[in-house]
Structure formats: C-alpha cells, structure tokens
$ cat work22.cif   # mmCIF, C-alpha atoms, pLDDT in the B column; chains and numbers go by the auth columns
data_my_file
loop_
_atom_site.group_PDB
_atom_site.id
_atom_site.type_symbol
_atom_site.label_atom_id
_atom_site.label_comp_id
_atom_site.label_asym_id
_atom_site.label_seq_id
_atom_site.Cartn_x
_atom_site.Cartn_y
_atom_site.Cartn_z
_atom_site.B_iso_or_equiv
_atom_site.auth_seq_id
_atom_site.auth_asym_id
ATOM 1 C CA MET A 1 -16.167 -18.842 -31.308 56.00 1 A
ATOM 2 C CA THR A 2 -13.230 -20.818 -29.976 58.00 2 A
ATOM 3 C CA LYS A 3 -11.715 -19.394 -26.800 56.00 3 A
ATOM 4 C CA PRO A 4 -7.911 -19.107 -26.727 65.00 4 A
ATOM 5 C CA ASP A 5 -5.960 -21.413 -24.456 83.00 5 A
ATOM 6 C CA ILE A 6 -5.718 -19.993 -20.932 81.00 6 A
ATOM 7 C CA ILE A 7 -1.925 -20.395 -20.855 86.00 7 A
ATOM 8 C CA SER A 8 -1.554 -18.205 -23.942 83.00 8 A
ATOM 9 C CA ILE A 9 -3.888 -15.631 -22.371 81.00 9 A
ATOM 10 C CA LEU A 10 -2.142 -15.458 -19.006 86.00 10 A
ATOM 11 C CA GLN A 11 1.558 -16.034 -19.651 87.00 11 A
ATOM 12 C CA ASN A 12 2.113 -12.615 -21.236 87.00 12 A
ATOM 13 C CA LYS A 13 0.424 -10.925 -18.283 90.00 13 A
ATOM 14 C CA ILE A 14 2.646 -12.599 -15.685 90.00 14 A
ATOM 15 C CA THR A 15 6.110 -11.330 -14.795 91.00 15 A
ATOM 16 C CA ARG A 16 8.534 -12.819 -12.278 91.00 16 A
ATOM 17 C CA ILE A 17 10.588 -10.320 -10.282 93.00 17 A
ATOM 18 C CA PRO A 18 13.473 -11.908 -8.341 92.00 18 A
ATOM 19 C CA LEU A 19 14.234 -10.683 -4.808 92.00 19 A
ATOM 20 C CA ALA A 20 17.096 -11.671 -2.520 91.00 20 A
ATOM 21 C CA ASN A 21 15.344 -14.719 -1.008 92.00 21 A
ATOM 22 C CA SER A 22 12.069 -14.993 -2.917 93.00 22 A
ATOM 23 C CA THR A 23 10.277 -13.952 -6.099 93.00 23 A
ATOM 24 C CA ASN A 24 7.304 -11.728 -6.798 93.00 24 A
ATOM 25 C CA ILE A 25 4.881 -13.140 -9.388 91.00 25 A
ATOM 26 C CA LEU A 26 3.296 -9.982 -10.829 94.00 26 A
ATOM 27 C CA VAL A 27 -0.013 -10.194 -12.717 93.00 27 A
ATOM 28 C CA GLY A 28 -1.286 -7.361 -14.911 92.00 28 A
ATOM 29 C CA PRO A 29 -2.115 -4.856 -16.131 94.00 29 A
ATOM 30 C CA ILE A 30 -5.856 -5.371 -15.697 93.00 30 A
ATOM 31 C CA THR A 31 -8.366 -2.666 -16.634 92.00 31 A
ATOM 32 C CA LEU A 32 -10.151 -1.469 -13.485 89.00 32 A
ATOM 33 C CA PRO A 33 -12.809 1.262 -13.735 91.00 33 A
ATOM 34 C CA VAL A 34 -13.168 2.873 -10.298 90.00 34 A
ATOM 35 C CA ASN A 35 -15.905 5.072 -8.848 90.00 35 A
ATOM 36 C CA LEU A 36 -14.011 8.074 -7.469 90.00 36 A
ATOM 37 C CA ASP A 37 -16.391 10.616 -5.949 87.00 37 A
ATOM 38 C CA GLY A 38 -19.097 9.806 -8.484 89.00 38 A
ATOM 39 C CA GLU A 39 -16.786 9.856 -11.502 90.00 39 A
ATOM 40 C CA THR A 40 -15.580 6.712 -13.257 93.00 40 A
ATOM 41 C CA VAL A 41 -11.776 6.711 -13.477 93.00 41 A
ATOM 42 C CA THR A 42 -9.936 3.915 -15.249 94.00 42 A
ATOM 43 C CA PHE A 43 -6.840 2.527 -13.530 94.00 43 A
ATOM 44 C CA LYS A 44 -4.491 -0.290 -14.497 95.00 44 A
ATOM 45 C CA TRP A 45 -4.441 -2.873 -11.715 94.00 45 A
ATOM 46 C CA TYR A 46 -1.558 -5.219 -10.854 95.00 46 A
ATOM 47 C CA ASN A 47 -1.484 -7.905 -8.184 94.00 47 A
ATOM 48 C CA TRP A 48 1.474 -9.893 -6.923 94.00 48 A
ATOM 49 C CA LEU A 49 2.215 -13.084 -5.047 91.00 49 A
ATOM 50 C CA ASN A 50 5.494 -13.499 -3.192 91.00 50 A
ATOM 51 C CA THR A 51 6.796 -17.078 -3.278 90.00 51 A
ATOM 52 C CA THR A 52 9.816 -19.312 -2.708 91.00 52 A
ATOM 53 C CA ASP A 53 8.226 -22.276 -4.528 89.00 53 A
ATOM 54 C CA ALA A 54 10.745 -23.345 -7.168 87.00 54 A
ATOM 55 C CA GLU A 55 8.079 -25.176 -9.183 83.00 55 A
ATOM 56 C CA LEU A 56 6.366 -21.872 -9.945 86.00 56 A
ATOM 57 C CA LEU A 57 9.567 -20.376 -11.325 83.00 57 A
ATOM 58 C CA LYS A 58 11.229 -23.084 -13.386 78.00 58 A
ATOM 59 C CA GLY A 59 11.116 -23.522 -17.153 70.00 59 A
ATOM 60 C CA ASP A 60 9.884 -21.050 -19.741 75.00 60 A
ATOM 61 C CA SER A 61 6.942 -18.754 -19.122 80.00 61 A
ATOM 62 C CA SER A 62 4.349 -21.226 -20.408 85.00 62 A
ATOM 63 C CA GLU A 63 5.631 -24.038 -18.165 88.00 63 A
ATOM 64 C CA ALA A 64 5.782 -21.789 -15.117 88.00 64 A
ATOM 65 C CA THR A 65 2.310 -20.415 -15.838 87.00 65 A
ATOM 66 C CA ALA A 66 0.900 -23.938 -16.193 88.00 66 A
ATOM 67 C CA ALA A 67 2.508 -24.908 -12.883 88.00 67 A
ATOM 68 C CA LEU A 68 0.999 -21.856 -11.197 88.00 68 A
ATOM 69 C CA ILE A 69 -2.503 -22.618 -12.493 87.00 69 A
ATOM 70 C CA SER A 70 -2.292 -26.275 -11.462 87.00 70 A
ATOM 71 C CA LYS A 71 -1.319 -25.274 -7.907 88.00 71 A
ATOM 72 C CA LEU A 72 -3.842 -22.482 -7.374 86.00 72 A
ATOM 73 C CA PRO A 73 -6.634 -24.601 -5.826 84.00 73 A
ATOM 74 C CA SER A 74 -4.250 -26.042 -3.224 87.00 74 A
ATOM 75 C CA MET A 75 -2.555 -22.762 -2.270 84.00 75 A
ATOM 76 C CA SER A 76 -5.421 -21.445 -0.064 83.00 76 A
ATOM 77 C CA LEU A 77 -4.681 -17.890 -1.152 84.00 77 A
ATOM 78 C CA ALA A 78 -7.971 -16.635 0.302 79.00 78 A
ATOM 79 C CA ASP A 79 -6.630 -17.491 3.778 82.00 79 A
ATOM 80 C CA GLY A 80 -3.867 -14.940 3.360 85.00 80 A
ATOM 81 C CA GLN A 81 -3.544 -11.560 1.726 85.00 81 A
ATOM 82 C CA GLN A 82 -1.879 -10.459 -1.490 93.00 82 A
ATOM 83 C CA SER A 83 -0.809 -6.907 -2.229 96.00 83 A
ATOM 84 C CA SER A 84 -1.571 -4.952 -5.376 97.00 84 A
ATOM 85 C CA VAL A 85 -1.089 -1.609 -7.095 98.00 85 A
ATOM 86 C CA LEU A 86 -3.381 0.789 -8.952 97.00 86 A
ATOM 87 C CA VAL A 87 -1.594 2.599 -11.785 98.00 87 A
ATOM 88 C CA TYR A 88 -2.910 5.734 -13.467 98.00 88 A
ATOM 89 C CA GLY A 89 -1.799 7.489 -16.626 97.00 89 A
ATOM 90 C CA ASP A 90 1.571 7.030 -18.323 97.00 90 A
ATOM 91 C CA PHE A 91 3.269 5.848 -15.164 97.00 91 A
ATOM 92 C CA GLU A 92 6.276 4.398 -16.954 96.00 92 A
ATOM 93 C CA GLY A 93 7.030 7.312 -19.247 96.00 93 A
ATOM 94 C CA SER A 94 5.856 10.511 -17.537 96.00 94 A
ATOM 95 C CA ASP A 95 8.547 12.820 -16.212 93.00 95 A
ATOM 96 C CA GLU A 96 6.863 13.160 -12.826 92.00 96 A
ATOM 97 C CA ALA A 97 4.626 10.701 -10.982 95.00 97 A
ATOM 98 C CA LEU A 98 3.029 10.481 -7.551 96.00 98 A
ATOM 99 C CA ILE A 99 3.090 7.241 -5.573 95.00 99 A
ATOM 100 C CA ARG A 100 1.467 6.170 -2.339 95.00 100 A
ATOM 101 C CA MET A 101 2.588 3.157 -0.289 94.00 101 A
ATOM 102 C CA HIS A 102 -0.702 2.510 1.519 96.00 102 A
ATOM 103 C CA SER A 103 -0.877 0.020 4.365 93.00 103 A
ATOM 104 C CA ILE A 104 -4.097 -1.979 4.451 95.00 104 A
ATOM 105 C CA CYS A 105 -6.518 -0.862 7.157 92.00 105 A
ATOM 106 C CA HIS A 106 -9.569 -3.092 7.401 92.00 106 A
ATOM 107 C CA THR A 107 -11.379 -0.776 9.800 89.00 107 A
ATOM 108 C CA GLY A 108 -10.526 2.516 8.107 90.00 108 A
ATOM 109 C CA ASP A 109 -10.478 1.575 4.419 93.00 109 A
ATOM 110 C CA ILE A 110 -13.558 -0.686 4.440 92.00 110 A
ATOM 111 C CA PHE A 111 -15.721 0.406 7.386 88.00 111 A
ATOM 112 C CA GLY A 112 -14.728 4.092 7.354 88.00 112 A
ATOM 113 C CA SER A 113 -13.544 4.067 10.972 85.00 113 A
ATOM 114 C CA LYS A 114 -12.778 7.486 12.450 85.00 114 A
ATOM 115 C CA ARG A 115 -10.201 6.055 14.875 82.00 115 A
ATOM 116 C CA CYS A 116 -7.541 6.610 12.192 85.00 116 A
ATOM 117 C CA ASP A 117 -7.097 8.629 8.999 85.00 117 A
ATOM 118 C CA CYS A 118 -6.398 5.655 6.724 89.00 118 A
ATOM 119 C CA GLY A 119 -9.633 5.686 4.729 92.00 119 A
ATOM 120 C CA PHE A 120 -9.218 9.404 4.076 91.00 120 A
ATOM 121 C CA GLN A 121 -5.589 8.905 3.010 92.00 121 A
ATOM 122 C CA LEU A 122 -6.517 6.047 0.655 96.00 122 A
ATOM 123 C CA HIS A 123 -9.175 7.966 -1.254 95.00 123 A
ATOM 124 C CA GLN A 124 -7.378 11.305 -1.123 95.00 124 A
ATOM 125 C CA SER A 125 -4.234 9.691 -2.577 96.00 125 A
ATOM 126 C CA MET A 126 -6.232 8.251 -5.463 97.00 126 A
ATOM 127 C CA LYS A 127 -7.703 11.688 -6.192 96.00 127 A
ATOM 128 C CA MET A 128 -4.279 13.337 -5.995 96.00 128 A
ATOM 129 C CA ILE A 129 -2.811 10.820 -8.425 97.00 129 A
ATOM 130 C CA VAL A 130 -5.627 11.332 -10.934 97.00 130 A
ATOM 131 C CA GLU A 131 -5.389 15.132 -10.642 97.00 131 A
ATOM 132 C CA HIS A 132 -1.615 14.912 -11.146 96.00 132 A
ATOM 133 C CA GLY A 133 -2.079 12.818 -14.279 97.00 133 A
ATOM 134 C CA SER A 134 0.307 9.975 -13.477 97.00 134 A
ATOM 135 C CA GLY A 135 0.955 7.799 -10.466 97.00 135 A
ATOM 136 C CA ALA A 136 0.462 4.573 -8.577 97.00 136 A
ATOM 137 C CA LEU A 137 -1.144 3.530 -5.307 98.00 137 A
ATOM 138 C CA PHE A 138 0.395 0.425 -3.730 97.00 138 A
ATOM 139 C CA TYR A 139 -2.039 -1.390 -1.436 97.00 139 A
ATOM 140 C CA LEU A 140 0.095 -3.412 0.975 95.00 140 A
ATOM 141 C CA ALA A 141 -1.854 -6.332 2.380 93.00 141 A
ATOM 142 C CA ASN A 142 0.554 -7.530 5.077 89.00 142 A
ATOM 143 C CA HIS A 143 0.804 -4.130 6.768 90.00 143 A
ATOM 144 C CA GLU A 144 -2.357 -4.206 8.900 91.00 144 A
ATOM 145 C CA GLY A 145 -1.751 -2.459 12.222 87.00 145 A
ATOM 146 C CA ARG A 146 1.795 -1.501 11.146 84.00 146 A
ATOM 147 C CA GLY A 147 2.491 -5.161 10.517 88.00 147 A
ATOM 148 C CA ILE A 148 0.894 -6.882 13.531 88.00 148 A
ATOM 149 C CA GLY A 149 -2.183 -8.231 11.699 88.00 149 A
ATOM 150 C CA LEU A 150 -5.908 -7.650 12.116 88.00 150 A
ATOM 151 C CA PHE A 151 -6.483 -9.905 15.150 86.00 151 A
ATOM 152 C CA SER A 152 -3.585 -8.325 17.061 90.00 152 A
ATOM 153 C CA LYS A 153 -4.823 -4.906 16.016 88.00 153 A
ATOM 154 C CA SER A 154 -8.200 -5.628 17.622 88.00 154 A
ATOM 155 C CA LEU A 155 -6.411 -6.400 20.904 88.00 155 A
ATOM 156 C CA ALA A 156 -4.368 -3.213 20.551 86.00 156 A
ATOM 157 C CA TYR A 157 -7.610 -1.249 20.091 85.00 157 A
ATOM 158 C CA LEU A 158 -8.909 -2.608 23.388 89.00 158 A
ATOM 159 C CA LEU A 159 -5.738 -1.398 25.117 88.00 159 A
ATOM 160 C CA GLN A 160 -6.113 1.993 23.459 86.00 160 A
ATOM 161 C CA GLU A 161 -9.630 2.270 24.885 84.00 161 A
ATOM 162 C CA GLU A 162 -8.045 1.976 28.325 84.00 162 A
ATOM 163 C CA GLY A 163 -5.541 4.795 27.755 83.00 163 A
ATOM 164 C CA TYR A 164 -2.600 3.250 25.893 84.00 164 A
ATOM 165 C CA ASP A 165 -1.461 5.037 22.745 85.00 165 A
ATOM 166 C CA THR A 166 -0.895 3.105 19.504 81.00 166 A
ATOM 167 C CA VAL A 167 2.828 2.628 20.081 86.00 167 A
ATOM 168 C CA GLU A 168 2.396 1.532 23.715 86.00 168 A
ATOM 169 C CA ALA A 169 -0.333 -0.940 22.749 85.00 169 A
ATOM 170 C CA ASN A 170 1.854 -2.609 20.101 85.00 170 A
ATOM 171 C CA LEU A 171 4.800 -2.816 22.489 89.00 171 A
ATOM 172 C CA GLU A 172 2.689 -4.271 25.308 90.00 172 A
ATOM 173 C CA LEU A 173 1.535 -7.045 22.952 88.00 173 A
ATOM 174 C CA GLY A 174 5.146 -7.972 22.203 88.00 174 A
ATOM 175 C CA PHE A 175 5.552 -6.211 18.867 89.00 175 A
ATOM 176 C CA VAL A 176 7.816 -3.396 17.775 86.00 176 A
ATOM 177 C CA ASP A 177 6.195 -0.053 16.972 80.00 177 A
ATOM 178 C CA ASP A 178 6.410 -0.589 13.206 84.00 178 A
ATOM 179 C CA SER A 179 7.413 -3.880 11.546 84.00 179 A
ATOM 180 C CA ARG A 180 6.369 -3.016 7.994 85.00 180 A
ATOM 181 C CA ASN A 181 8.697 -3.979 5.138 88.00 181 A
ATOM 182 C CA TYR A 182 8.610 -2.372 1.698 90.00 182 A
ATOM 183 C CA GLU A 183 10.962 -4.699 -0.210 90.00 183 A
ATOM 184 C CA GLU A 184 8.262 -6.450 -2.247 92.00 184 A
ATOM 185 C CA ALA A 185 6.459 -3.236 -3.176 93.00 185 A
ATOM 186 C CA ILE A 186 9.664 -1.472 -4.155 92.00 186 A
ATOM 187 C CA SER A 187 10.639 -4.343 -6.449 93.00 187 A
ATOM 188 C CA VAL A 188 7.310 -3.979 -8.269 95.00 188 A
ATOM 189 C CA LEU A 189 7.744 -0.195 -8.409 94.00 189 A
ATOM 190 C CA GLN A 190 11.184 -0.599 -9.965 92.00 190 A
ATOM 191 C CA HIS A 191 9.705 -2.960 -12.559 95.00 191 A
ATOM 192 C CA LEU A 192 6.986 -0.465 -13.494 96.00 192 A
ATOM 193 C CA ARG A 193 8.998 2.759 -13.463 94.00 193 A
ATOM 194 C CA HIS A 194 12.635 3.917 -13.534 91.00 194 A
ATOM 195 C CA LYS A 195 12.110 7.682 -13.512 92.00 195 A
ATOM 196 C CA PRO A 196 11.840 9.797 -10.337 90.00 196 A
ATOM 197 C CA VAL A 197 8.774 9.582 -8.105 93.00 197 A
ATOM 198 C CA THR A 198 7.202 11.845 -5.506 93.00 198 A
ATOM 199 C CA LEU A 199 5.927 9.983 -2.452 92.00 199 A
ATOM 200 C CA ILE A 200 2.602 10.858 -0.812 94.00 200 A
ATOM 201 C CA THR A 201 3.348 10.370 2.881 89.00 201 A
ATOM 202 C CA ASN A 202 3.885 11.905 6.305 86.00 202 A
ATOM 203 C CA ASN A 203 6.235 9.063 7.230 82.00 203 A
ATOM 204 C CA PRO A 204 9.940 9.685 6.476 80.00 204 A
ATOM 205 C CA LYS A 205 10.677 5.954 6.945 80.00 205 A
ATOM 206 C CA LYS A 206 8.854 5.230 3.698 81.00 206 A
ATOM 207 C CA LEU A 207 10.973 7.780 1.844 82.00 207 A
ATOM 208 C CA GLU A 208 14.139 6.331 3.381 82.00 208 A
ATOM 209 C CA ALA A 209 13.139 2.811 2.271 77.00 209 A
ATOM 210 C CA LEU A 210 12.755 3.978 -1.331 80.00 210 A
ATOM 211 C CA LYS A 211 16.080 5.793 -1.311 81.00 211 A
ATOM 212 C CA ALA A 212 17.863 2.807 0.251 81.00 212 A
ATOM 213 C CA ALA A 213 16.584 0.616 -2.590 77.00 213 A
ATOM 214 C CA GLY A 214 18.046 2.980 -5.171 77.00 214 A
ATOM 215 C CA MET A 215 14.816 4.680 -6.237 75.00 215 A
ATOM 216 C CA ASN A 216 15.034 8.303 -7.287 72.00 216 A
ATOM 217 C CA ALA A 217 12.578 9.520 -4.672 69.00 217 A
ATOM 218 C CA VAL A 218 13.683 12.855 -3.287 65.00 218 A
ATOM 219 C CA LYS A 219 10.299 14.554 -2.954 83.00 219 A
ATOM 220 C CA ARG A 220 7.279 13.949 -0.776 85.00 220 A
ATOM 221 C CA VAL A 221 3.792 15.384 -0.502 90.00 221 A
ATOM 222 C CA ALA A 222 2.162 15.586 2.933 85.00 222 A
ATOM 223 C CA LEU A 223 -1.263 14.035 3.518 84.00 223 A
ATOM 224 C CA TRP A 224 -2.946 15.285 6.675 76.00 224 A
ATOM 225 C CA GLY A 225 -6.708 15.606 7.034 71.00 225 A
ATOM 226 C CA ASP A 226 -9.938 14.185 8.446 68.00 226 A
ATOM 227 C CA VAL A 227 -8.827 15.186 11.958 73.00 227 A
ATOM 228 C CA SER A 228 -11.483 14.650 14.624 75.00 228 A
ATOM 229 C CA SER A 229 -11.887 14.036 18.336 76.00 229 A
ATOM 230 C CA PHE A 230 -11.811 10.305 17.557 77.00 230 A
ATOM 231 C CA ASN A 231 -8.300 10.265 16.061 70.00 231 A
ATOM 232 C CA GLU A 232 -6.429 13.319 17.375 70.00 232 A
ATOM 233 C CA LYS A 233 -4.492 11.272 19.946 69.00 233 A
ATOM 234 C CA TYR A 234 -3.650 8.677 17.284 63.00 234 A
ATOM 235 C CA LEU A 235 -2.367 11.361 14.887 69.00 235 A
ATOM 236 C CA ARG A 236 -0.381 13.169 17.575 73.00 236 A
ATOM 237 C CA THR A 237 1.235 9.852 18.530 72.00 237 A
ATOM 238 C CA LYS A 238 2.336 9.387 14.922 66.00 238 A
ATOM 239 C CA VAL A 239 4.284 12.633 15.188 66.00 239 A
ATOM 240 C CA ALA A 240 5.518 12.337 18.785 60.00 240 A
ATOM 241 C CA ARG A 241 6.327 8.604 18.936 54.00 241 A
ATOM 242 C CA SER A 242 6.661 7.313 15.354 58.00 242 A
ATOM 243 C CA GLY A 243 8.595 10.123 13.711 57.00 243 A
ATOM 244 C CA HIS A 244 5.953 11.328 11.274 64.00 244 A
ATOM 245 C CA LEU A 245 6.572 14.812 9.936 64.00 245 A
ATOM 246 C CA GLU A 246 4.307 17.423 11.484 66.00 246 A
ATOM 247 C CA ALA A 247 1.497 19.086 9.624 59.00 247 A
ATOM 248 C CA VAL A 248 2.184 22.599 8.400 53.00 248 A
ATOM 249 C CA LYS A 249 -0.247 24.874 10.167 49.00 249 A
ATOM 250 C CA ASP A 250 -0.346 27.823 7.798 41.00 250 A
ATOM 251 C CA THR A 251 -0.833 25.816 4.592 44.00 251 A
ATOM 252 C CA ASN A 252 -3.693 23.567 5.690 45.00 252 A
ATOM 253 C CA PRO A 253 -6.303 24.694 8.237 41.00 253 A
ATOM 254 C CA ILE A 254 -7.392 21.120 8.955 40.00 254 A
ATOM 255 C CA ALA A 255 -3.812 19.945 9.385 45.00 255 A
ATOM 256 C CA GLY A 256 -3.162 23.047 11.439 46.00 256 A
ATOM 257 C CA ARG A 257 -5.534 21.714 14.069 47.00 257 A
ATOM 258 C CA LEU A 258 -3.209 18.751 14.468 45.00 258 A
ATOM 259 C CA ALA A 259 -0.102 20.944 14.563 42.00 259 A
ATOM 260 C CA LYS A 260 -1.303 23.055 17.512 39.00 260 A
#

$ encode --input "work22.cif" --output "structure tokens"
Amino acid sequence: MTKPDIISILQNKITRIPLANSTNILVGPITLPVNLDGETVTFKWYNWLNTTDAELLKGDSSEATAALISKLPSMSLADGQQSSVLVYGDFEGSDEALIRMHSICHTGDIFGSKRCDCGFQLHQSMKMIVEHGSGALFYLANHEGRGIGLFSKSLAYLLQEEGYDTVEANLELGFVDDSRNYEEAISVLQHLRHKPVTLITNNPKKLEALKAAGMNAVKRVALWGDVSSFNEKYLRTKVARSGHLEAVKDTNPIAGRLAK
C-alpha cells in the first residue's frame, strides 16, 4: 500500500491564525483518547506554534507546510514549550460550552504537588467539560509560575519556605505578580468557536482578557478544592493579593474552609 505524501496529509490539518505581530500555526484536530478517572474519554487535540518567521507563512498552504517541515529539525522546539488545547464534544456548534485557560504547572500537574491546587484544577476542569458535554481546556505552556518560568519558580519556592508568600517571592526576584498573556490562546479560541463560552476560573483577570478580545464570555464557574495545610497560605494569597474571587462557603464545604 502506497502511503500518501506527507504534505497532502498535513496541509489540511494546519491553519495559520494572524495576530498583531506574529502568527499562530495551529495543528489539528488530532484524536486523543484520555484516561479520566478510569474511563476512556476521547478529546480532539490541537497544538500551536507562535512564530514571526516569514518563510513559514508565505505561499499557498502546500508551500508553507513544506517550509515548516524542512525547518523542524533546526527549530529546537523541544528546548521550549508549545501550548495546546483539548476539545470535547461539539465545541463549535453547541449553544453553551465550558472553557478553562490552564497555566502549566510542572510540579502540580505532573508530580501532584500539594503546594498548589493546579493538578486538581486541571483534572477537575476536564471532568466538568465532559459532564457538560462541550468545552475546551487550553494548556498554556509559557505560563509556569504565573509567567516567570520553571527555574525562577524553583527559586520562588525557596523564598516561600522562608516565609514569603507567592506574590512577595515573585516581586523579590524582579518579576511582577502575574505576567501571563492570553492573546495567543484567545486567537485559537476565536478560530474554534464564535458562540458564547463559560469560563472555569477563580481569576477575574482571565474573564476580563476574554471580554477585551471581543469574546462573548459573560459567565464563569468557580473551581476551588483540594485545600490542605500545604496550600492554604497559597490559596489565601490568591484572594488577598492577586484578586481571585473568594470561595462561596455555603455552596462548597471544601471551599468554605478557604473562605473562613
């Protein structure tokens, strides 16, 4: 059996989304069966690369795809991080859809660290989206430590062990409290869906970013949980210093512990 040419396979799965000063090269959808609490759930997976390289954008889709493939070995993409999105259900056409803009957390998402609630939020968001029937989880790779990167985050953790809170630690290392940018992710969201979305978040800044970009995002769903002695100070700092919306005590007993 003769295999089809790789250009013909890939070019129809690659979309270029222009931004103000760069372009997102979006790849997908790709079928991704995921183990979610012992059940196999099938998502559609997209991945994107942000670039200003004119060679990857010129010509028709076949020429641009060929240029991308020829450059891949020299781009050292494994040295950096690329963001992606998991899509579930009829995300484009459903009247209502949940979305989560999830910032990568190496320690919480991969190792299951109890110093934060990120791993809980990642998996809980996926379950909420599946239960809802339609949605998307954006996994934002350049958001580690609210944008300071994994190495800087390790230094911030050392400061936190000596009494600094998360905001103070970032500031002492020369960063702002939160340097995350959602422009790339929002451009992909707008490509995948035009109808309203409900955002899974405790952070009003994420909702404001969507609204500022013209997305019809007027609703949010809170996501508090997995509160323990290891992360209570971290979670309280989110509310007191970073503007996160407080947990509602009488609707969630676990969140209520945080709201005391």

$ resolve_selection --input "work22.cif" --expression "the PyMOL selection byres ((chain A and resi 116) around 12)" --output "PyMOL selection string"
chain A and resi 105-109+111-115+117-122+145+157+166+224-238

$ resolve_selection --input "work22.cif" --expression "the PyMOL selection byres ((chain A and resi 60) around 12)" --output "short mmCIF file (atom, residue, chain, number, x, y, z; two decimals) with C-alpha atoms, keeping the file's coordinate frame"
data_model
loop_
_atom_site.label_atom_id
_atom_site.label_comp_id
_atom_site.auth_asym_id
_atom_site.auth_seq_id
_atom_site.Cartn_x
_atom_site.Cartn_y
_atom_site.Cartn_z
CA ILE A 7 -1.92 -20.40 -20.86
CA GLN A 11 1.56 -16.03 -19.65
CA ASN A 12 2.11 -12.62 -21.24
CA ILE A 14 2.65 -12.60 -15.68
CA THR A 15 6.11 -11.33 -14.80
CA ARG A 16 8.53 -12.82 -12.28
CA GLU A 55 8.08 -25.18 -9.18
CA LEU A 56 6.37 -21.87 -9.94
CA LEU A 57 9.57 -20.38 -11.32
CA LYS A 58 11.23 -23.08 -13.39
CA GLY A 59 11.12 -23.52 -17.15
CA SER A 61 6.94 -18.75 -19.12
CA SER A 62 4.35 -21.23 -20.41
CA GLU A 63 5.63 -24.04 -18.16
CA ALA A 64 5.78 -21.79 -15.12
CA THR A 65 2.31 -20.42 -15.84
CA ALA A 66 0.90 -23.94 -16.19
CA ALA A 67 2.51 -24.91 -12.88
#

$ resolve_selection --input "work22.cif" --expression "the PyMOL selection byres ((chain A and resi 91) around 12)" --output "JSON, numbers by chain"
{"A": [43, 44, 85, 86, 87, 88, 89, 90, 92, 93, 94, 95, 96, 97, 98, 99, 129, 130, 132, 133, 134, 135, 136, 137, 189, 190, 191, 192, 193, 194, 195, 196, 197]}

$ closest_residue --input "work22.cif" --among "A:Val221, A:Thr201, A:Arg146, A:Phe151" --to "A:Asp177" --atoms "only C-alpha atoms"
A:Arg146

$ residues_near_point --input "work22.cif" --point "(-5.4, -5.3, 3.8)" --cutoff "8 Å" --atoms "all atoms listed in the file" --output "list in words"
Gln81, Ser83, Ser103, Ile104, Cys105, His106, Tyr139, Leu140, Ala141, Asn142, His143 and Glu144 of chain A

$ closest_residue --input "work22.cif" --among "A:Val176, A:Ile186, A:Ile200, A:Val167" --to "A:Ala212" --atoms "all atoms listed in the file"
A:Ile186

$ atom_distance --input "work22.cif" --atom1 "atom CA of A:Ser179" --atom2 "atom CA of A:Ile148"
7.4 Å

$ closest_residue --input "work22.cif" --among "A:Asn170, A:Met128, A:Phe138, A:His123" --to "A:Lys153" --atoms "only C-alpha atoms"
A:Asn170

$ atom_distance --input "work22.cif" --atom1 "atom CA of A:Asn24" --atom2 "atom CA of A:Val188"
7.9 Å

$ atom_distance --input "work22.cif" --atom1 "atom CA of A:Val41" --atom2 "atom CA of A:Met126"
9.9 Å
